[in-house]
Amino acid sequence: MMIEKRINLKNDLELNVSYSIGNEEKPAILLIHFSGGTLQMWNGIFPLLQNQYRIIAPDLRGHGKSNRPLTGYHIDDFANDMYQLLQKLGINKCHIVGSSLGAEVALSLAASHPEIVLSLVSEGAIYNEFGEYGLFNGSKVEIEAEKDKLRQQLNERKLSRYQTKADFIEDFKAPLIRQALWNEHFWVFLESCAEELADGSFEHFYKNHVRTEYILKYWDICFEEYYKQVKCPVLLLPSEKEWMNPKIRHSLDYFISLLDEYEIYKIEGSIHAYVWMQQPNKAVGVVKEFLDKLQI
């Protein structure tokens, strides 16, 4: 059985969390969503894992129904929240599955608290934004010029307002239909992203101050420094597009050289972050096969 409630952490942050109860003897698995996501991205995953695992799936700070402090959106801040959450729930060891931002947070947690992470599934966190192992490399001047362009784009972001939740969902649904991705899992997810405002209108919960600080801090992250500290087995799940990108493959090759034990699996047709809603049965099958081998 799973329940959803807000849990107060030691740092006075309240996180909205969906988690299993009554199966404390089962191995724990922490599911961490992508940037701009909510715990409902795992809607199609829950029933596939709940018989075998004790599930913990939070809305990260600044996301979903969790608190949105004015600052604190480095991946290490998110990871510290996850550590406190596990302590609050009395979980000393767990497996972690992270998607995009969630994979970055999971990597930070595995590096800073290797004693509690049994394994890591990283769908994301396989390349940096800038530098030798990033999407954009060049001189310091060239990198700063690129960052300036991207900062301008961040500053120009406007959140659209919708008269009804149905209007909100319909707008975000349209591109998913065009990509032949739309299914019931995306519907549940989008419904969780619509926030009702005081005047009765709706907009996306993912506010600019959260998104902007996270992205600005992400640009300076070097994931290799985290991978060097990881002690657990790692499953890396690059998307179809990431697998075909030579820059990303270059970073991935280096990152795996830093690991003691790893596997790489590319799910055919998979889309970054969306694969858990796009192909939940296939994605969970790959994860379960990886975890079953560990016998932890």
# chains A, B, ... in the order shown; residues from 1 in each chain; ligands from 1
call {"tool": "residues_around", "arguments": {"residues": "region 15-17 of chain A", "least_positions_apart": "6", "cutoff": "8 Å", "atoms": "only C-alpha atoms", "output": "VMD selection string"}}
result
chain A and resid 4 to 9 39 56 to 61 64 to 67
call {"tool": "residues_around", "arguments": {"residues": "region 87-92 of chain A", "least_positions_apart": "4", "cutoff": "8 Å", "atoms": "only C-alpha atoms", "output": "list in words"}}
result
Leu9, Ala28, Tyr83 and Ile116 of chain A
call {"tool": "write_last_selection", "arguments": {"atoms": "N, CA and C atoms", "output": "mmCIF file, in the first residue's frame"}}
result
data_model
loop_
_atom_site.group_PDB
_atom_site.id
_atom_site.type_symbol
_atom_site.label_atom_id
_atom_site.label_comp_id
_atom_site.auth_asym_id
_atom_site.auth_seq_id
_atom_site.Cartn_x
_atom_site.Cartn_y
_atom_site.Cartn_z
ATOM 1 N N LEU A 9 11.225 17.951 7.177
ATOM 2 C CA LEU A 9 12.606 17.536 7.396
ATOM 3 C C LEU A 9 13.263 18.382 8.485
ATOM 4 N N ALA A 28 14.376 -1.064 -0.044
ATOM 5 C CA ALA A 28 13.842 0.259 -0.381
ATOM 6 C C ALA A 28 14.397 0.727 -1.719
ATOM 7 N N TYR A 83 18.708 12.730 1.688
ATOM 8 C CA TYR A 83 19.348 12.068 2.836
ATOM 9 C C TYR A 83 18.503 12.251 4.090
ATOM 10 N N ILE A 116 24.843 4.439 2.214
ATOM 11 C CA ILE A 116 23.401 4.171 2.188
ATOM 12 C C ILE A 116 22.885 3.788 0.798
#
call {"tool": "atom_distance", "arguments": {"atom1": "CA of Ile256 (chain A)", "atom2": "CA of Ile143 (chain A)"}}
result
25.4 Å
call {"tool": "atom_distance", "arguments": {"atom1": "CA of Glu184 (chain A)", "atom2": "CA of His33 (chain A)"}}
result
17.7 Å
call {"tool": "select_by_dssp", "arguments": {"residues": "region 49-162 of chain A", "states": "alpha helix (DSSP H)", "output": "PyMOL selection string"}}
result
chain A and resi 49+75-88+101-112+140-155
call {"tool": "write_last_selection", "arguments": {"atoms": "C-alpha atoms", "output": "CSV table (one decimal), in the first residue's frame"}}
result
chain,number,residue,atom,x,y,z
A,49,LEU,CA,7.7,-2.3,-8.3
A,75,ILE,CA,22.0,19.3,-6.9
A,76,ASP,CA,23.8,18.9,-3.5
A,77,ASP,CA,20.9,20.8,-1.8
A,78,PHE,CA,18.4,18.4,-3.3
A,79,ALA,CA,20.6,15.4,-2.3
A,80,ASN,CA,20.8,16.6,1.3
A,81,ASP,CA,17.0,16.7,1.3
A,82,MET,CA,16.9,13.1,0.1
A,83,TYR,CA,19.3,12.1,2.8
A,84,GLN,CA,17.2,13.7,5.5
A,85,LEU,CA,14.1,12.2,4.0
A,86,LEU,CA,15.6,8.7,4.2
A,87,GLN,CA,16.6,9.3,7.8
A,88,LYS,CA,13.1,10.5,8.6
A,101,LEU,CA,17.8,16.1,-12.6
A,102,GLY,CA,16.9,13.1,-10.4
A,103,ALA,CA,19.9,11.2,-11.7
A,104,GLU,CA,22.1,14.2,-10.8
A,105,VAL,CA,20.7,14.3,-7.3
A,106,ALA,CA,21.1,10.5,-7.0
A,107,LEU,CA,24.7,10.8,-8.1
A,108,SER,CA,25.4,13.5,-5.5
A,109,LEU,CA,23.8,11.4,-2.8
A,110,ALA,CA,25.7,8.3,-3.8
A,111,ALA,CA,29.0,10.3,-3.7
A,112,SER,CA,28.3,12.0,-0.4
A,140,LYS,CA,36.8,30.5,-21.4
A,141,VAL,CA,35.7,33.5,-23.5
A,142,GLU,CA,33.6,31.2,-25.8
A,143,ILE,CA,32.0,29.4,-22.9
A,144,GLU,CA,31.1,32.7,-21.1
A,145,ALA,CA,29.6,34.0,-24.4
A,146,GLU,CA,27.5,30.9,-24.7
A,147,LYS,CA,26.4,31.2,-21.1
A,148,ASP,CA,25.4,34.8,-21.6
A,149,LYS,CA,23.1,33.8,-24.5
A,150,LEU,CA,21.5,31.1,-22.4
A,151,ARG,CA,21.0,33.5,-19.5
A,152,GLN,CA,19.1,35.8,-21.7
A,153,GLN,CA,16.8,32.9,-22.7
A,154,LEU,CA,16.3,32.0,-19.0
A,155,ASN,CA,15.3,35.6,-18.3
call {"tool": "closest_residue", "arguments": {"among": "A:Glu195, A:Glu213, A:Glu170, A:Glu261", "to": "Val230 (chain A)", "atoms": "only C-alpha atoms"}}
result
A:Glu261
call {"tool": "closest_residue", "arguments": {"among": "A:Leu70, A:Leu30, A:Ala198, A:Leu252", "to": "Arg211 (chain A)", "atoms": "only C-alpha atoms"}}
result
A:Leu70
call {"tool": "residues_around", "arguments": {"residues": "Glu196 (chain A)", "least_positions_apart": "6", "cutoff": "8 Å", "atoms": "only C-alpha atoms", "output": "list in words"}}
result
Lys165, Phe202 and Glu203 of chain A
